[in-house]
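The data block below is target_38.cif; it holds mmCIF, C-alpha atoms and all ligand atoms.
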data_input
loop_
_atom_site.label_atom_id
_atom_site.label_comp_id
_atom_site.auth_asym_id
_atom_site.auth_seq_id
_atom_site.Cartn_x
_atom_site.Cartn_y
_atom_site.Cartn_z
CA MET A 1 0.00 0.00 0.00
CA GLU A 2 1.15 3.51 -0.80
CA ASP A 3 1.84 5.31 2.48
CA PRO A 4 3.04 8.92 2.35
CA LEU A 5 3.48 8.93 6.13
CA GLU A 6 5.56 5.70 6.32
CA ALA A 7 8.79 7.58 7.13
CA TYR A 8 7.33 8.94 10.39
CA ARG A 9 7.32 5.42 11.87
CA ASP A 10 11.05 5.79 12.36
CA ARG A 11 10.36 8.48 14.97
CA PHE A 12 8.82 5.91 17.38
CA VAL A 13 10.58 3.53 19.76
CA GLY A 14 10.08 -0.09 18.68
CA ALA A 15 8.12 0.53 15.48
CA ASP A 16 10.90 -1.22 13.51
CA THR A 17 10.52 -4.56 15.34
CA ASP A 18 8.41 -7.54 14.20
CA LEU A 19 5.83 -6.99 16.91
CA VAL A 20 2.37 -6.12 15.59
CA TYR A 21 0.94 -3.38 17.78
CA PHE A 22 -2.82 -2.90 17.55
CA ASP A 23 -3.26 -1.15 20.91
CA GLY A 24 -2.14 2.41 20.27
CA ASN A 25 -5.75 3.35 21.00
CA SER A 26 -5.08 2.30 24.58
CA LEU A 27 -1.42 3.21 25.02
CA GLY A 28 0.49 4.87 22.18
CA ARG A 29 4.14 4.06 21.51
CA PRO A 30 6.76 6.50 22.83
CA LEU A 31 8.59 8.83 20.47
CA LYS A 32 12.37 8.48 20.35
CA VAL A 33 12.76 12.20 20.99
CA THR A 34 10.83 11.71 24.24
CA ALA A 35 13.47 9.32 25.59
CA ASP A 36 16.07 12.09 25.28
CA ARG A 37 13.62 14.73 26.49
CA LEU A 38 12.91 12.85 29.73
CA ARG A 39 16.59 12.29 30.43
CA ASP A 40 17.44 15.93 29.73
CA PHE A 41 14.57 17.06 31.89
CA VAL A 42 15.82 15.08 34.88
CA VAL A 43 19.39 16.29 34.51
CA GLU A 44 18.91 19.87 33.40
CA GLU A 45 15.48 21.18 34.25
CA TRP A 46 14.51 19.27 37.36
CA GLY A 47 18.06 18.57 38.53
CA GLY A 48 19.42 21.96 37.49
CA ARG A 49 16.65 24.43 38.02
CA LEU A 50 15.03 22.66 40.99
CA ILE A 51 12.19 24.66 42.58
CA ARG A 52 12.89 27.61 40.24
CA GLY A 53 11.39 25.48 37.47
CA TRP A 54 7.88 26.34 38.67
CA ASP A 55 8.33 30.06 38.00
CA GLU A 56 10.29 29.52 34.84
CA ARG A 57 8.00 27.07 33.01
CA TRP A 58 6.12 24.42 34.94
CA PHE A 59 3.40 26.59 36.49
CA ASP A 60 2.16 27.65 33.06
CA LEU A 61 2.82 24.38 31.24
CA PRO A 62 -0.76 23.06 31.70
CA LEU A 63 -1.99 26.20 29.92
CA THR A 64 0.65 26.47 27.20
CA LEU A 65 0.37 22.76 26.37
CA GLY A 66 -3.43 23.02 26.60
CA ASP A 67 -3.37 25.78 23.99
CA GLU A 68 -1.20 23.65 21.70
CA ILE A 69 -3.45 20.59 22.03
CA GLY A 70 -6.40 22.89 21.35
CA ARG A 71 -4.84 24.46 18.27
CA VAL A 72 -3.36 21.31 16.71
CA CYS A 73 -5.96 18.68 17.56
CA LEU A 74 -9.20 20.18 18.86
CA GLY A 75 -10.11 23.23 16.81
CA ALA A 76 -10.07 25.25 20.02
CA GLY A 77 -8.91 28.85 20.30
CA PRO A 78 -6.46 29.81 23.09
CA GLY A 79 -7.39 30.00 26.75
CA GLN A 80 -9.98 27.22 26.71
CA VAL A 81 -7.93 24.03 27.22
CA VAL A 82 -5.87 23.05 30.25
CA VAL A 83 -4.00 19.84 31.08
CA ALA A 84 -4.78 18.27 34.45
CA ASP A 85 -5.81 15.23 36.46
CA SER A 86 -7.20 12.18 34.65
CA THR A 87 -10.17 11.96 32.29
CA THR A 88 -12.23 10.44 35.09
CA VAL A 89 -11.55 13.29 37.52
CA LEU A 90 -12.16 15.91 34.82
CA LEU A 91 -15.44 14.24 33.86
CA TYR A 92 -16.51 14.62 37.47
CA LYS A 93 -15.50 18.27 37.63
CA LEU A 94 -17.26 19.09 34.36
CA MET A 95 -20.45 17.20 35.12
CA ARG A 96 -20.73 18.98 38.46
CA ALA A 97 -19.98 22.33 36.81
CA ALA A 98 -22.59 21.72 34.12
CA VAL A 99 -25.31 20.60 36.50
CA ALA A 100 -24.70 23.67 38.66
CA ALA A 101 -25.01 25.85 35.55
CA ARG A 102 -28.49 24.47 34.80
CA PRO A 103 -30.34 24.86 38.12
CA GLY A 104 -33.80 23.36 38.24
CA ARG A 105 -33.10 20.81 35.53
CA THR A 106 -33.22 17.24 36.74
CA GLU A 107 -31.72 14.87 34.14
CA ILE A 108 -28.39 13.86 32.63
CA VAL A 109 -28.65 12.10 29.25
CA ILE A 110 -25.99 9.44 28.48
CA ASP A 111 -25.87 6.35 26.29
CA ARG A 112 -25.79 2.85 27.71
CA ASP A 113 -22.70 1.89 25.68
CA ASN A 114 -20.57 4.87 26.72
CA PHE A 115 -17.21 4.09 28.33
CA PRO A 116 -17.64 2.74 31.89
CA THR A 117 -15.96 5.68 33.62
CA ASP A 118 -18.33 8.16 31.92
CA ARG A 119 -21.36 6.13 33.00
CA TYR A 120 -20.12 5.56 36.54
CA VAL A 121 -19.21 9.22 37.10
CA ALA A 122 -22.56 10.36 35.66
CA ASP A 123 -24.32 7.93 38.00
CA GLY A 124 -22.37 9.27 41.00
CA VAL A 125 -22.99 12.91 40.08
CA ALA A 126 -26.68 12.23 39.55
CA ARG A 127 -26.95 10.66 43.03
CA GLU A 128 -24.93 13.46 44.67
CA CYS A 129 -27.04 16.18 43.05
CA GLY A 130 -30.44 14.48 43.24
CA LEU A 131 -30.78 14.05 39.47
CA THR A 132 -31.92 11.18 37.26
CA LEU A 133 -29.93 9.52 34.48
CA ARG A 134 -31.83 9.18 31.23
CA TRP A 135 -30.22 6.27 29.42
CA VAL A 136 -30.10 6.18 25.63
CA GLU A 137 -30.05 2.64 24.20
CA VAL A 138 -27.69 2.28 21.25
CA ASP A 139 -26.89 -0.46 18.80
CA ARG A 140 -23.43 -1.74 19.80
CA SER A 141 -22.03 -1.86 16.30
CA ALA A 142 -23.33 1.61 15.62
CA GLY A 143 -23.66 4.34 18.20
CA LEU A 144 -25.20 7.57 19.36
CA THR A 145 -27.09 9.58 16.75
CA ALA A 146 -28.70 13.02 16.81
CA GLU A 147 -32.10 11.32 16.43
CA LEU A 148 -31.57 9.18 19.53
CA VAL A 149 -30.46 12.22 21.51
CA ALA A 150 -33.45 14.24 20.22
CA ASP A 151 -35.77 11.53 21.59
CA ALA A 152 -34.11 11.68 25.01
CA VAL A 153 -33.71 15.41 25.71
CA SER A 154 -36.40 17.70 27.11
CA GLU A 155 -36.80 20.79 29.25
CA ARG A 156 -35.64 18.56 32.13
CA THR A 157 -32.19 17.90 30.62
CA ALA A 158 -29.26 19.66 32.27
CA LEU A 159 -26.50 17.89 30.36
CA VAL A 160 -25.87 15.46 27.50
CA VAL A 161 -22.69 13.35 27.91
CA ALA A 162 -21.38 11.66 24.77
CA SER A 163 -18.23 10.07 23.34
CA HIS A 164 -17.08 11.40 19.98
CA VAL A 165 -15.62 8.01 19.02
CA ALA A 166 -17.20 5.01 20.77
CA TYR A 167 -14.52 2.94 22.52
CA ARG A 168 -16.09 -0.37 21.48
CA SER A 169 -17.39 0.07 17.93
CA ALA A 170 -15.39 3.17 16.86
CA TRP A 171 -18.70 4.84 15.87
CA LEU A 172 -17.92 8.49 15.10
CA ALA A 173 -20.75 10.59 16.45
CA ASP A 174 -22.01 13.65 14.60
CA MET A 175 -20.73 16.18 17.10
CA PRO A 176 -22.22 19.34 15.56
CA ALA A 177 -25.67 17.76 15.13
CA ILE A 178 -25.82 16.27 18.63
CA THR A 179 -24.53 19.52 20.14
CA ARG A 180 -27.31 21.40 18.31
CA VAL A 181 -29.97 19.00 19.55
CA ALA A 182 -28.77 19.41 23.16
CA HIS A 183 -28.70 23.20 22.83
CA ASP A 184 -32.18 23.30 21.27
CA ALA A 185 -33.42 21.67 24.47
CA GLY A 186 -31.56 24.25 26.56
CA ALA A 187 -29.04 21.65 27.79
CA LEU A 188 -25.25 21.73 27.88
CA VAL A 189 -23.13 19.09 26.14
CA LEU A 190 -19.97 17.36 27.32
CA TRP A 191 -17.89 15.40 24.79
CA ASP A 192 -15.39 12.67 25.68
CA GLU A 193 -12.64 12.91 23.04
CA CYS A 194 -10.34 10.15 24.37
CA HIS A 195 -10.49 8.19 21.12
CA SER A 196 -10.43 11.18 18.78
CA ALA A 197 -7.78 13.59 20.09
CA GLY A 198 -4.75 13.14 17.82
CA SER A 199 -6.54 10.82 15.40
CA VAL A 200 -9.77 12.42 14.19
CA PRO A 201 -9.92 16.18 13.54
CA VAL A 202 -12.11 17.78 16.20
CA ARG A 203 -13.72 21.21 15.81
CA LEU A 204 -14.92 22.16 19.27
CA ASP A 205 -15.27 25.93 18.71
CA GLU A 206 -16.95 25.54 15.33
CA ALA A 207 -19.46 22.99 16.67
CA GLY A 208 -20.35 25.27 19.60
CA VAL A 209 -19.41 22.58 22.14
CA ASP A 210 -19.68 23.61 25.79
CA LEU A 211 -17.35 21.14 27.49
CA ALA A 212 -14.95 18.38 26.48
CA VAL A 213 -12.32 16.10 27.98
CA GLY A 214 -9.80 13.61 26.67
CA CYS A 215 -6.79 11.58 27.70
CA THR A 216 -3.26 11.96 26.33
CA TYR A 217 -1.91 8.40 26.51
CA LYS A 218 -3.65 7.05 23.39
CA TYR A 219 -3.11 9.00 20.15
CA LEU A 220 -1.17 11.76 21.95
CA ASN A 221 1.44 9.24 23.14
CA GLY A 222 1.94 10.76 26.60
CA GLY A 223 2.73 7.42 28.28
CA PRO A 224 0.94 5.42 30.98
CA GLY A 225 -1.00 7.71 33.30
CA SER A 226 -0.13 10.96 31.50
CA PRO A 227 -2.57 13.73 32.49
CA ALA A 228 -5.79 14.50 30.66
CA TRP A 229 -7.03 17.79 29.17
CA VAL A 230 -10.22 19.72 29.63
CA TYR A 231 -11.95 22.22 27.33
CA VAL A 232 -14.43 24.81 28.58
CA ALA A 233 -15.84 27.18 25.96
CA GLU A 234 -14.80 30.78 26.57
CA ARG A 235 -18.42 31.90 27.06
CA HIS A 236 -18.70 29.68 30.18
CA LEU A 237 -15.36 30.49 31.76
CA ASP A 238 -16.48 33.37 33.97
CA SER A 239 -19.55 31.69 35.34
CA MET A 240 -18.63 28.00 35.69
CA THR A 241 -16.87 26.64 38.74
CA GLN A 242 -15.77 23.13 39.61
CA PRO A 243 -16.11 21.25 42.88
CA ILE A 244 -12.49 20.33 43.71
CA GLN A 245 -11.45 23.72 45.09
CA GLY A 246 -7.69 23.27 45.26
CA TRP A 247 -5.08 25.92 45.82
CA MET A 248 -3.74 25.76 42.24
CA GLY A 249 -7.06 27.00 40.88
CA ASN A 250 -7.26 29.78 43.43
CA VAL A 251 -6.89 33.40 42.45
CA ASP A 252 -3.43 33.70 44.01
CA PRO A 253 -2.11 30.30 45.05
CA PHE A 254 1.02 31.60 46.72
CA LEU A 255 -0.84 34.09 48.90
CA MET A 256 -2.17 31.00 50.67
CA GLY A 257 -5.16 32.97 51.90
CA PRO A 258 -8.05 31.87 54.12
CA THR A 259 -10.64 31.13 51.42
CA TYR A 260 -10.98 29.86 47.86
CA THR A 261 -11.80 32.28 45.06
CA PRO A 262 -11.60 30.69 41.60
CA THR A 263 -9.02 32.38 39.44
CA ALA A 264 -9.98 33.83 36.06
CA GLY A 265 -9.99 31.69 32.94
CA ILE A 266 -9.43 28.00 32.32
CA ARG A 267 -6.88 27.72 35.14
CA ARG A 268 -9.79 27.51 37.59
CA PHE A 269 -10.34 23.94 36.35
CA ILE A 270 -6.98 22.93 37.87
CA SER A 271 -7.06 21.71 41.48
CA GLY A 272 -3.59 20.67 42.59
CA THR A 273 0.02 20.57 41.42
CA PRO A 274 0.23 19.64 37.73
CA ALA A 275 2.01 16.45 36.57
CA VAL A 276 4.92 18.11 34.78
CA VAL A 277 6.84 14.95 33.80
CA GLY A 278 3.66 13.47 32.34
CA MET A 279 3.25 16.43 30.00
CA LEU A 280 6.65 16.25 28.31
CA ALA A 281 5.89 13.31 26.03
CA VAL A 282 2.51 14.80 25.11
CA ALA A 283 4.22 18.00 23.97
CA ASP A 284 6.50 15.97 21.68
CA MET A 285 3.57 14.15 20.06
CA VAL A 286 1.49 17.29 19.64
CA ALA A 287 4.49 18.87 17.87
CA LEU A 288 4.65 15.85 15.55
CA VAL A 289 0.92 15.98 14.77
CA ASP A 290 1.39 19.68 14.04
CA GLU A 291 4.28 18.89 11.67
CA VAL A 292 2.28 16.23 9.79
CA GLY A 293 -1.12 17.95 10.03
CA ILE A 294 -4.20 16.38 11.63
CA ASP A 295 -5.93 16.00 8.24
CA ALA A 296 -3.04 13.90 6.90
CA VAL A 297 -3.11 11.85 10.11
CA ARG A 298 -6.83 11.24 9.62
CA ALA A 299 -6.31 10.31 5.96
CA LYS A 300 -3.90 7.55 6.96
CA SER A 301 -6.20 6.48 9.79
CA VAL A 302 -9.01 6.04 7.26
CA GLY A 303 -6.65 4.14 4.94
CA LEU A 304 -5.58 1.77 7.73
CA THR A 305 -9.12 1.07 8.93
CA GLU A 306 -10.35 0.50 5.33
CA HIS A 307 -7.46 -1.91 4.80
CA ALA A 308 -8.23 -3.82 8.01
CA ILE A 309 -11.90 -4.13 7.03
CA ALA A 310 -11.05 -5.30 3.50
CA LEU A 311 -8.70 -7.96 4.86
CA ALA A 312 -11.27 -9.07 7.44
CA ASP A 313 -13.84 -9.50 4.66
CA GLU A 314 -11.38 -11.39 2.45
CA GLN A 315 -9.72 -13.61 5.04
CA LEU A 316 -11.80 -13.81 8.20
CA ALA A 317 -15.46 -13.70 7.17
CA GLU A 318 -15.31 -17.35 6.08
CA HIS A 319 -14.24 -18.22 9.64
CA GLY A 320 -17.27 -16.50 11.15
CA VAL A 321 -15.74 -13.08 11.89
CA THR A 322 -17.97 -10.04 11.45
CA VAL A 323 -16.99 -6.38 11.32
CA ALA A 324 -18.56 -4.68 14.35
CA SER A 325 -17.48 -1.15 13.35
CA PRO A 326 -19.18 1.17 10.87
CA ARG A 327 -18.26 0.43 7.24
CA SER A 328 -18.54 4.03 6.20
CA ALA A 329 -15.35 6.00 6.96
CA GLU A 330 -17.38 9.12 7.83
CA GLN A 331 -18.93 7.19 10.70
CA ARG A 332 -15.77 5.48 11.93
CA GLY A 333 -12.92 6.58 14.20
CA GLY A 334 -9.41 5.13 14.35
CA HIS A 335 -9.99 1.48 15.19
CA VAL A 336 -11.89 -1.50 13.87
CA THR A 337 -13.63 -4.08 16.04
CA LEU A 338 -13.89 -7.62 14.75
CA HIS A 339 -16.39 -9.96 16.31
CA HIS A 340 -16.24 -13.73 16.82
CA PRO A 341 -17.63 -15.82 19.70
CA ASP A 342 -14.16 -17.28 20.31
CA MET A 343 -12.29 -13.96 20.21
CA ALA A 344 -11.17 -14.02 23.87
CA ARG A 345 -9.14 -17.18 23.18
CA VAL A 346 -7.84 -15.77 19.88
CA VAL A 347 -6.62 -12.55 21.50
CA ALA A 348 -4.81 -14.47 24.27
CA ALA A 349 -3.09 -16.62 21.61
CA LEU A 350 -2.19 -13.52 19.54
CA TRP A 351 -0.40 -11.96 22.52
CA GLU A 352 1.71 -15.15 22.75
CA ARG A 353 2.79 -14.47 19.16
CA ASP A 354 3.63 -10.78 19.70
CA VAL A 355 0.47 -9.61 17.98
CA ILE A 356 -1.09 -7.16 20.45
CA PRO A 357 -4.70 -6.09 19.95
CA ASP A 358 -7.12 -5.90 22.88
CA TYR A 359 -10.27 -7.77 23.72
CA ARG A 360 -13.54 -6.08 24.62
CA ASP A 361 -16.42 -8.22 25.74
CA PRO A 362 -18.52 -9.63 24.17
CA GLY A 363 -16.38 -11.26 21.47
CA GLY A 364 -14.65 -8.08 20.23
CA LEU A 365 -11.06 -7.91 19.01
CA ARG A 366 -10.10 -4.25 18.66
CA VAL A 367 -7.61 -3.44 15.91
CA GLY A 368 -6.28 -0.09 17.14
CA LEU A 369 -4.43 1.77 14.41
CA SER A 370 -2.11 4.64 15.32
CA PRO A 371 -1.68 6.48 12.04
CA LEU A 372 1.90 7.65 12.59
CA SER A 373 3.32 4.46 14.07
CA THR A 374 1.30 1.62 12.50
CA SER A 375 2.19 0.27 9.04
CA TYR A 376 -0.02 -1.38 6.44
CA ASP A 377 2.31 -4.36 6.64
CA GLU A 378 1.54 -4.68 10.36
CA VAL A 379 -2.16 -4.86 9.49
CA ASP A 380 -1.43 -7.60 6.91
CA ARG A 381 0.55 -9.64 9.42
CA GLY A 382 -1.93 -9.14 12.26
CA ILE A 383 -4.97 -10.20 10.24
CA ALA A 384 -3.05 -13.19 8.84
CA ALA A 385 -2.29 -14.27 12.42
CA VAL A 386 -6.00 -14.08 13.33
CA ARG A 387 -6.83 -16.20 10.26
CA GLU A 388 -4.26 -18.85 11.22
CA LEU A 389 -5.66 -19.11 14.73
CA LEU A 390 -9.25 -19.47 13.51
CA ALA A 391 -8.49 -21.88 10.66
C1 LIG B 401 -13.83 7.02 26.23
C2 LIG B 401 -12.91 6.91 27.40
N1 LIG B 401 -13.09 7.71 28.46
C3 LIG B 401 -12.27 7.64 29.55
C4 LIG B 401 -11.22 6.74 29.57
C5 LIG B 401 -10.31 6.59 30.74
O1 LIG B 401 -10.26 7.53 31.69
P1 LIG B 401 -9.01 7.56 32.67
O2 LIG B 401 -7.84 8.04 31.89
O3 LIG B 401 -9.43 8.47 33.75
O4 LIG B 401 -8.75 6.16 33.16
C6 LIG B 401 -11.00 5.89 28.48
C7 LIG B 401 -9.89 4.89 28.45
O5 LIG B 401 -9.43 4.36 29.41
C8 LIG B 401 -11.87 5.98 27.39
O6 LIG B 401 -11.70 5.18 26.34
N1 LIG B 402 -6.43 3.50 30.37
C1 LIG B 402 -6.20 2.17 30.33
C2 LIG B 402 -5.50 1.54 31.38
O1 LIG B 402 -5.07 2.29 32.40
C3 LIG B 402 -5.27 0.15 31.32
C4 LIG B 402 -5.72 -0.56 30.24
C5 LIG B 402 -6.42 0.03 29.21
C6 LIG B 402 -6.69 1.39 29.29
C7 LIG B 402 -7.49 2.06 28.24
O2 LIG B 402 -7.15 3.14 27.88
C8 LIG B 402 -8.66 1.39 27.73
C9 LIG B 402 -9.30 2.18 26.66
N2 LIG B 402 -9.73 3.50 27.08
C10 LIG B 402 -10.48 1.53 25.97
O3 LIG B 402 -11.02 2.16 25.09
O4 LIG B 402 -10.83 0.41 26.27
#
Would you encode the structure as structure tokens?
Amino acid sequence: MEDPLEAYRDRFVGADTDLVYFDGNSLGRPLKVTADRLRDFVVEEWGGRLIRGWDERWFDLPLTLGDEIGRVCLGAGPGQVVVADSTTVLLYKLMRAAVAARPGRTEIVIDRDNFPTDRYVADGVARECGLTLRWVEVDRSAGLTAELVADAVSERTALVVASHVAYRSAWLADMPAITRVAHDAGALVLWDECHSAGSVPVRLDEAGVDLAVGCTYKYLNGGPGSPAWVYVAERHLDSMTQPIQGWMGNVDPFLMGPTYTPTAGIRRFISGTPAVVGMLAVADMVALVDEVGIDAVRAKSVGLTEHAIALADEQLAEHGVTVASPRSAEQRGGHVTLHHPDMARVVAALWERDVIPDYRDPGGLRVGLSPLSTSYDEVDRGIAAVRELLA
């Protein structure tokens, strides 16, 4: 297959080995430049600048990196994205902020197939705030549509919570349409972009999104446990507050005063000391996505997923495998889920052979395709291994 981005694979640690890596949608590979960056950081910045590092760079890094993620990957203007916490913690902060911004409304709308943490946090927030969850039932190999959301929202809805790319099926939701439907009902909308940031172009400002979150360890290659990011549209920044009132979001943290007053701007969504080391790798990957361009990244992502689906049809269908992801590229994110009743056994056997996808119950093998580090040849070898195990 023709691959104009093939040369970028050389920038990643381990991409030149025989291992087939189909799990970049869970944990992206590290960049080689990051290995040097981390070493230099320890020796020069941390080891050399010590506590002075906070004034010199680290205190503002969540904001400067947030702006870069926003510009390169999210279609977000400056001052609306900050890096902090984990996706789970940020989901909690945003859901509480949104519910508080819609007093008198009593429901949160969320789909039954959303990622567990989104559902669990929504359930907890609903109980804490005396609200009800309105569940939207979705077809597992498809996903949330504007029509389904339109049927669920009403004058009771405070917030709609949705994933842009569904973690199981890779269904790519129509963000502008669903956002419009939520707004027409007077509700706010919160998008989980974990599976889109760095893979699918996102246009938060253009779509009029209120709130969004995403992680950085998948397609932004930040490494295990790297911090998440949060987006709050500029129009909400003065009025919205979040419930974890830490000193780092206070108006003057180093005054260490008696009470909490949220500082101006997106910084108020920070609670405690930012995870500086965890941001370094993210900055490297965002710079690479900027160099390549998110549209070129998406073009290869579409090419890889089309290739995986074509091979599954050619080689696996006869063994009972079905494609559980949308067949239309416009409705599909960066991975492809293949279904077979025996897939749990197949995935375990693949790991023994250094072919690393993941398994999602029931019967789903996820082929995660990181556009800048996965090759077409890897897809060929991975699908061939599945065929051998099923034959
Ligand atoms: C859609 C989605 N939301 C949230 C998360 C995870 O949140 P956290 O990083 O807090 O574990 C994941 C992946 O783990 C995910 O796929
Ligand atoms: N965050 C993960 C972790 O800490 C361990 C194992 C997997 C993950 C994942 O990211 C899972 C992933 N979000 C998914 O879509 O299933």
Item to check | Counting all atoms listed in the file, the residue of A:Val276, A:Val292, A:Leu311, A:Leu5 that sits nearest Trp46 of chain A | outcome: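 Of all the options, A:Val276 lies closest to Trp46 of chain A.
Between Val286 of chain A and the residues A:Tyr231, A:Tyr219, A:Tyr92, A:Tyr376, the shortest atom-to-atom distance, using all atoms listed in the file, involves A:Tyr219.
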Next on the checklist: Restricting the calculation to all atoms listed in the file: of A:Leu74, A:Leu237, A:Val386, A:Leu38, which residue gets closest to Ala97 of chain A?
Outcome noted: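 With all atoms listed in the file as the atom set, the closest residue is A:Leu237.
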Checklist entry - Taking all atoms listed in the file into account, which of A:Gly104, A:Glu378, A:Ile178, A:Val99 comes nearest Ala126 of chain A? => result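 Selected residue with least distance to Ala126 of chain A: A:Val99.
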Next on the checklist: Could you list, as a ChimeraX atom specification, all protein and nucleic acid residues with an atom at most 6 Å from ligand LIG 401 (chain B), counting only C-alpha atoms and all ligand atoms?
Outcome noted: /A:86-88,115,117,167,192,194,215
Residues up to 10 Å from ligand LIG 402 (chain B), counting only C-alpha atoms and all ligand atoms: could you list those as a PDB file with C-alpha atoms, in the frame of the given file?
ATOM      1  CA  ASP A  23      -3.260  -1.150  20.910  1.00  0.00           C
ATOM      2  CA  GLY A  24      -2.140   2.410  20.270  1.00  0.00           C
ATOM      3  CA  ASN A  25      -5.750   3.350  21.000  1.00  0.00           C
ATOM      4  CA  SER A  26      -5.080   2.300  24.580  1.00  0.00           C
ATOM      5  CA  LEU A  27      -1.420   3.210  25.020  1.00  0.00           C
ATOM      6  CA  GLY A  28       0.490   4.870  22.180  1.00  0.00           C
ATOM      7  CA  SER A  86      -7.200  12.180  34.650  1.00  0.00           C
ATOM      8  CA  THR A  87     -10.170  11.960  32.290  1.00  0.00           C
ATOM      9  CA  PHE A 115     -17.210   4.090  28.330  1.00  0.00           C
ATOM     10  CA  PRO A 116     -17.640   2.740  31.890  1.00  0.00           C
ATOM     11  CA  THR A 117     -15.960   5.680  33.620  1.00  0.00           C
ATOM     12  CA  VAL A 165     -15.620   8.010  19.020  1.00  0.00           C
ATOM     13  CA  ALA A 166     -17.200   5.010  20.770  1.00  0.00           C
ATOM     14  CA  TYR A 167     -14.520   2.940  22.520  1.00  0.00           C
ATOM     15  CA  ARG A 168     -16.090  -0.370  21.480  1.00  0.00           C
ATOM     16  CA  SER A 169     -17.390   0.070  17.930  1.00  0.00           C
ATOM     17  CA  ALA A 170     -15.390   3.170  16.860  1.00  0.00           C
ATOM     18  CA  CYS A 194     -10.340  10.150  24.370  1.00  0.00           C
ATOM     19  CA  HIS A 195     -10.490   8.190  21.120  1.00  0.00           C
ATOM     20  CA  CYS A 215      -6.790  11.580  27.700  1.00  0.00           C
ATOM     21  CA  THR A 216      -3.260  11.960  26.330  1.00  0.00           C
ATOM     22  CA  TYR A 217      -1.910   8.400  26.510  1.00  0.00           C
ATOM     23  CA  LYS A 218      -3.650   7.050  23.390  1.00  0.00           C
ATOM     24  CA  PRO A 224       0.940   5.420  30.980  1.00  0.00           C
ATOM     25  CA  GLY A 225      -1.000   7.710  33.300  1.00  0.00           C
ATOM     26  CA  SER A 226      -0.130  10.960  31.500  1.00  0.00           C
ATOM     27  CA  HIS A 335      -9.990   1.480  15.190  1.00  0.00           C
ATOM     28  CA  ASP A 358      -7.120  -5.900  22.880  1.00  0.00           C
ATOM     29  CA  TYR A 359     -10.270  -7.770  23.720  1.00  0.00           C
ATOM     30  CA  ARG A 360     -13.540  -6.080  24.620  1.00  0.00           C
ATOM     31  CA  ARG A 366     -10.100  -4.250  18.660  1.00  0.00           C
ATOM     32  CA  GLY A 368      -6.280  -0.090  17.140  1.00  0.00           C
TER      33      GLY A 368
END
Checklist entry - Pick the closest to Val160 of chain A from A:Thr322, A:Ser199, A:Thr106, A:Thr64: which is it, counting only C-alpha atoms? => result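 Of all the options, A:Thr106 lies closest to Val160 of chain A.
For the point (2.9, 16.7, 23.5), the residues with an atom at a distance of at most 10 Å are A:Thr34, A:Leu65, A:Gly66, A:Glu68, A:Ile69, A:Thr216, A:Leu220, A:Asn221, A:Gly222, A:Gly278, A:Met279, A:Leu280, A:Ala281, A:Val282, A:Ala283, A:Asp284, A:Met285, A:Val286, A:Ala287, A:Leu288, A:Val289, counting all atoms listed in the file.
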